[in-house]
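Source file: coords.csv (CSV, C-alpha atoms)
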chain,number,residue,atom,x,y,z
A,1,MET,CA,0.0,0.0,0.0
A,2,PRO,CA,2.8,2.5,0.7
A,3,VAL,CA,3.9,2.0,-2.9
A,4,ALA,CA,0.4,2.8,-4.2
A,5,VAL,CA,0.3,6.0,-2.2
A,6,ARG,CA,3.8,7.1,-3.4
A,7,LEU,CA,2.8,6.2,-7.0
A,8,ILE,CA,-0.4,8.3,-6.9
A,9,LYS,CA,1.5,11.3,-5.4
A,10,LEU,CA,4.2,11.0,-8.1
A,11,LEU,CA,1.7,10.8,-11.0
A,12,LYS,CA,0.0,13.9,-9.7
A,13,GLN,CA,3.3,15.7,-9.4
A,14,ASN,CA,3.9,14.8,-13.1
A,15,LYS,CA,0.5,16.2,-14.0
A,16,THR,CA,-0.9,12.8,-14.9
A,17,GLU,CA,-4.7,12.4,-14.6
A,18,VAL,CA,-5.4,9.8,-12.0
A,19,HIS,CA,-8.6,7.6,-12.0
A,20,LEU,CA,-8.7,5.7,-8.7
A,21,ILE,CA,-10.5,2.6,-7.5
A,22,ILE,CA,-10.0,1.7,-3.9
A,23,THR,CA,-11.7,-1.7,-3.3
A,24,ASP,CA,-13.2,-2.7,0.0
A,25,ALA,CA,-10.4,-5.3,0.3
A,26,ALA,CA,-7.8,-2.5,-0.3
A,27,LYS,CA,-9.3,-0.4,2.5
A,28,THR,CA,-9.0,-3.4,4.8
A,29,VAL,CA,-5.3,-3.9,3.8
A,30,LEU,CA,-4.6,-0.2,4.3
A,31,LYS,CA,-5.6,-0.6,8.0
A,32,TYR,CA,-2.8,-3.1,8.5
A,33,ASP,CA,-0.2,-1.5,6.2
A,34,LEU,CA,-0.4,2.1,7.2
A,35,PRO,CA,-0.7,3.4,10.8
A,36,ASP,CA,-2.9,6.4,9.9
A,37,TYR,CA,-5.0,4.7,7.2
A,38,LYS,CA,-8.0,6.9,7.5
A,39,LYS,CA,-6.0,10.0,6.8
A,40,THR,CA,-4.1,8.1,4.0
A,41,ILE,CA,-7.4,7.1,2.3
A,42,GLU,CA,-8.7,10.7,2.5
A,43,THR,CA,-5.4,12.0,1.1
A,44,ILE,CA,-5.3,9.7,-1.9
A,45,GLU,CA,-8.9,10.2,-2.6
A,46,LYS,CA,-8.4,13.9,-2.7
A,47,THR,CA,-5.2,13.6,-4.8
A,48,ALA,CA,-7.0,11.5,-7.5
A,49,ASP,CA,-8.8,13.4,-10.2
A,50,PHE,CA,-11.6,10.8,-10.3
A,51,LEU,CA,-12.7,8.3,-7.7
A,52,TYR,CA,-14.8,5.2,-8.4
A,53,ALA,CA,-16.6,2.6,-6.4
A,54,GLU,CA,-15.5,-0.9,-7.2
A,55,ASP,CA,-19.1,-1.8,-8.4
A,56,ASP,CA,-19.5,1.3,-10.7
A,57,PHE,CA,-19.7,-0.3,-14.1
A,58,SER,CA,-21.0,3.0,-15.5
A,59,ALA,CA,-17.6,4.6,-14.8
A,60,SER,CA,-15.8,6.0,-17.9
A,61,ILE,CA,-12.8,3.7,-17.4
A,62,ALA,CA,-15.1,0.7,-17.9
A,63,SER,CA,-15.5,1.6,-21.5
A,64,GLY,CA,-13.0,1.0,-24.3
A,65,SER,CA,-14.1,4.2,-26.0
A,66,PHE,CA,-12.6,6.1,-23.0
A,67,GLU,CA,-9.0,6.4,-23.9
A,68,THR,CA,-6.3,6.0,-21.3
A,69,ASP,CA,-2.6,5.4,-21.2
A,70,GLY,CA,-3.3,2.3,-19.3
A,71,MET,CA,-3.8,1.0,-15.8
A,72,ILE,CA,-1.8,0.0,-12.7
A,73,VAL,CA,-3.2,-2.5,-10.2
A,74,VAL,CA,-1.1,-1.9,-7.0
A,75,PRO,CA,-1.3,-3.9,-4.9
A,76,CYS,CA,-2.9,-6.7,-6.9
A,77,SER,CA,-4.5,-9.5,-4.8
A,78,MET,CA,-4.4,-13.0,-6.2
A,79,LYS,CA,-8.2,-12.8,-6.5
A,80,SER,CA,-7.9,-9.8,-8.8
A,81,LEU,CA,-5.0,-11.3,-10.7
A,82,SER,CA,-7.1,-14.4,-11.3
A,83,ALA,CA,-10.1,-12.4,-12.4
A,84,ILE,CA,-8.0,-10.3,-14.8
A,85,ALA,CA,-6.1,-13.4,-16.2
A,86,ASN,CA,-9.3,-15.3,-16.8
A,87,GLY,CA,-11.5,-12.4,-18.2
A,88,TYR,CA,-13.8,-12.5,-15.2
A,89,ALA,CA,-14.8,-8.8,-15.0
A,90,ASP,CA,-16.8,-8.9,-11.8
A,91,ASN,CA,-15.9,-5.5,-10.6
A,92,LEU,CA,-14.5,-2.2,-11.9
A,93,VAL,CA,-10.9,-3.2,-11.4
A,94,SER,CA,-11.1,-6.4,-13.4
A,95,ARG,CA,-13.4,-4.8,-16.0
A,96,SER,CA,-11.0,-1.8,-16.5
A,97,ALA,CA,-8.1,-4.2,-16.8
A,98,ASP,CA,-10.0,-6.2,-19.3
A,99,VAL,CA,-10.6,-3.0,-21.4
A,100,CYS,CA,-6.8,-2.3,-21.3
A,101,ILE,CA,-6.0,-5.8,-22.5
A,102,LYS,CA,-8.6,-5.8,-25.3
A,103,HIS,CA,-7.4,-2.4,-26.5
A,104,LYS,CA,-3.7,-3.2,-26.1
A,105,ARG,CA,-3.1,-0.5,-23.5
A,106,ASN,CA,-0.5,-0.7,-20.8
A,107,LEU,CA,-1.5,-2.8,-17.8
A,108,VAL,CA,0.9,-3.2,-14.9
A,109,ILE,CA,0.1,-5.8,-12.2
A,110,VAL,CA,2.0,-5.5,-8.9
A,111,PRO,CA,1.1,-8.8,-7.1
A,112,ARG,CA,0.7,-8.9,-3.4
A,113,GLU,CA,1.4,-12.4,-2.2
A,114,THR,CA,4.2,-14.6,-1.1
A,115,PRO,CA,5.0,-17.4,-1.4
A,116,LEU,CA,3.4,-18.0,-4.8
A,117,ASN,CA,1.7,-21.2,-5.7
A,118,SER,CA,1.4,-22.8,-9.2
A,119,ILE,CA,-2.0,-21.2,-9.8
A,120,HIS,CA,-0.7,-17.7,-9.1
A,121,LEU,CA,2.3,-18.3,-11.3
A,122,GLU,CA,0.2,-19.7,-14.2
A,123,ASN,CA,-2.1,-16.6,-14.0
A,124,MET,CA,0.9,-14.3,-14.1
A,125,LEU,CA,2.4,-16.2,-17.0
A,126,LYS,CA,-0.9,-16.0,-18.9
A,127,LEU,CA,-0.9,-12.3,-18.4
A,128,SER,CA,2.8,-11.8,-19.2
A,129,ARG,CA,2.3,-13.3,-22.6
A,130,ILE,CA,-0.2,-10.5,-23.5
A,131,GLN,CA,1.2,-7.4,-25.3
A,132,ASN,CA,1.5,-4.4,-23.1
A,133,VAL,CA,1.0,-6.3,-19.8
A,134,TRP,CA,3.7,-6.2,-17.2
A,135,ILE,CA,4.0,-8.1,-14.0
A,136,VAL,CA,6.1,-6.1,-11.6
A,137,PRO,CA,6.5,-8.0,-8.3
A,138,PRO,CA,7.5,-5.8,-5.4
A,139,VAL,CA,11.1,-7.0,-5.5
A,140,VAL,CA,13.8,-4.6,-4.5
A,141,GLY,CA,17.1,-4.3,-6.3
A,142,TYR,CA,20.1,-3.6,-4.1
A,143,TYR,CA,22.6,-2.4,-6.8
A,144,PHE,CA,21.6,1.2,-6.1
A,145,ASP,CA,22.4,0.8,-2.4
A,146,PRO,CA,19.0,1.6,-0.7
A,147,LYS,CA,19.4,3.2,2.7
A,148,ASN,CA,15.8,2.8,4.0
A,149,LEU,CA,12.3,1.7,3.2
A,150,GLU,CA,11.6,4.9,1.4
A,151,ASP,CA,14.4,4.2,-1.1
A,152,MET,CA,12.9,0.7,-1.7
A,153,GLU,CA,9.5,2.2,-2.3
A,154,LYS,CA,11.0,4.8,-4.7
A,155,TYR,CA,12.7,1.9,-6.6
A,156,LEU,CA,9.4,0.0,-7.0
A,157,VAL,CA,7.5,3.1,-8.1
A,158,GLY,CA,10.3,3.8,-10.6
A,159,LYS,CA,10.0,0.3,-12.0
A,160,ILE,CA,6.2,0.7,-12.3
A,161,ILE,CA,6.3,4.0,-14.2
A,162,GLU,CA,9.1,2.7,-16.5
A,163,CYS,CA,6.5,0.4,-18.0
A,164,PHE,CA,4.8,3.6,-19.3
A,165,GLY,CA,8.0,5.0,-20.6
A,166,MET,CA,8.1,7.7,-17.9
A,167,GLU,CA,11.4,9.2,-17.0
A,168,HIS,CA,12.4,9.6,-13.4
A,169,LYS,CA,15.2,10.1,-10.9
A,170,LEU,CA,13.7,7.9,-8.1
A,171,TYR,CA,16.8,5.6,-8.0
A,172,LYS,CA,20.3,5.5,-9.5
A,173,LYS,CA,20.1,3.4,-12.6
A,174,TRP,CA,22.6,0.7,-13.5
A,175,LYS,CA,25.6,2.0,-15.6
Starting from the file, give its structure as structure tokens.
Amino acid sequence: MPVAVRLIKLLKQNKTEVHLIITDAAKTVLKYDLPDYKKTIETIEKTADFLYAEDDFSASIASGSFETDGMIVVPCSMKSLSAIANGYADNLVSRSADVCIKHKRNLVIVPRETPLNSIHLENMLKLSRIQNVWIVPPVVGYYFDPKNLEDMEKYLVGKIIECFGMEHKLYKKWK
């Protein structure tokens, strides 16, 4: 969740329009991941340009005729991963991801689970074979010598936005 919060703030700093879905499950996870989760939810909801309920199938992002640069699902539960991988568009997250896939728009999945079982891996493999879909596990590189948790979060956000071709100075790149 801290990576999602940092990502939203960075996108807004770069003047990127942000459409946000916070599922009920994500709100539950926020309670455990961030000490001041109520304030965090309020902050990211205010930071986003558009906020949608997970059951709002009339949202603009549920339609392929609404053009976007793509979508980032962070963190992505194994339930959402399975729904996306198998075309089971039962909520706005999986429907919007389905729209990205069918229109060959960027889709970045940041899975939240460890260890992974064969089903998880098969779903990730299925998605990774699709054009413009990236699986970006929250794995930290150490070659840039991170000093703290914030450095690690910046690294992950950098890896996520690189999938969209966005430049950044969030971590020192390999030379």
### Message
So that I can check the surroundings of region 32-43 of chain A, please list as a VMD selection string every protein, DNA and RNA residue that reaches within 12 Å of it, counting only C-alpha atoms and ignoring chain neighbours fewer than 2 positions away.
### Response
chain A and resid 1 to 6 8 to 9 20 to 30 45 to 49 51 75
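Of the residues under consideration (A:Val110, A:Cys163, A:Val157, A:Leu170), A:Cys163 shows the shortest atom-to-atom contact distance to Gly70 (chain A) when counting only C-alpha atoms.
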### Message
For a quick check of understanding, using all atoms listed in the file, which of A:Leu121, A:Phe57, A:Ser77, A:Arg129 has the smallest distance to Asp90 (chain A)?
### Response
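Smallest separation from Asp90 (chain A) among the options: A:Phe57.
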### Task
Could you tell me which of A:Lys126, A:Ala53, A:Met71, A:Lys169 comes closest to Ala83 (chain A) if we count all atoms listed in the file?
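Once distances to Ala83 (chain A) are computed over all atoms listed in the file, the minimum belongs to A:Lys126.
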## Note on the structure
Correct to one decimal, the distance CA of Ile160 (chain A)-CA of Val140 (chain A) is 12.1 Å
### Query
Hey, can you check how far CA of Lys102 (chain A) sits from CA of Trp134 (chain A)?
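A separation of 14.7 Å between them.
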## Note on the structure
Ser94 (chain A) proximity check over A:Asp69, A:Asn132, A:Leu125, A:Glu54, using all atoms listed in the file: winner is A:Glu54
### Task
Please work out which residues fall within 12 Å of (-8.6, -6.0, -20.3), coordinates as given in the file, with all atoms listed in the file counting, and return them as number ranges by chain.
A: 61-64, 70-73, 81, 83-89, 92-109, 127, 130-133
### Task
Can you work out the spacing between CA of Met152 (chain A) and CA of Phe50 (chain A) in Å, to one decimal?
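We find that CA of Met152 (chain A) and CA of Phe50 (chain A) lie 27.9 Å from each other.
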### Message
Set the distance at 10 Å and use all atoms listed in the file: which residues neighbour His168 (chain A) once local chain neighbours fewer than 6 positions away are removed? I'd like the list as a PyMOL selection string.
### Response
chain A and resi 10+14+157-159+161-162
What does the file look like for those residues with C-alpha atoms, as an mmCIF file, in the coordinates of the input?
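Wrote selection33.cif, looks like this:
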data_model
loop_
_atom_site.group_PDB
_atom_site.id
_atom_site.type_symbol
_atom_site.label_atom_id
_atom_site.label_comp_id
_atom_site.auth_asym_id
_atom_site.auth_seq_id
_atom_site.Cartn_x
_atom_site.Cartn_y
_atom_site.Cartn_z
ATOM 1 C CA LEU A 10 4.200 11.000 -8.100
ATOM 2 C CA ASN A 14 3.900 14.800 -13.100
ATOM 3 C CA VAL A 157 7.500 3.100 -8.100
ATOM 4 C CA GLY A 158 10.300 3.800 -10.600
ATOM 5 C CA LYS A 159 10.000 0.300 -12.000
ATOM 6 C CA ILE A 161 6.300 4.000 -14.200
ATOM 7 C CA GLU A 162 9.100 2.700 -16.500
#
### Message
Please determine, counting all atoms listed in the file, which residue among A:Leu7, A:Arg112, A:Lys31, A:Asp151 has the shortest atom-to-atom distance to Pro137 (chain A).
### Response
A:Arg112
### Best match for closeness to Tyr143 (chain A) among A:Lys173, A:Glu122, A:Leu156, A:Phe164, counting all atoms listed in the file
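When distances to Tyr143 (chain A) are compared using all atoms listed in the file, the smallest one comes from A:Lys173.
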### Task
Take the point (24.8, -2.0, -7.5) as written in the file and pick out every residue within 10 Å of it, counting only C-alpha atoms; give the list as a VMD selection string.
chain A and resid 141 to 146 172 to 175
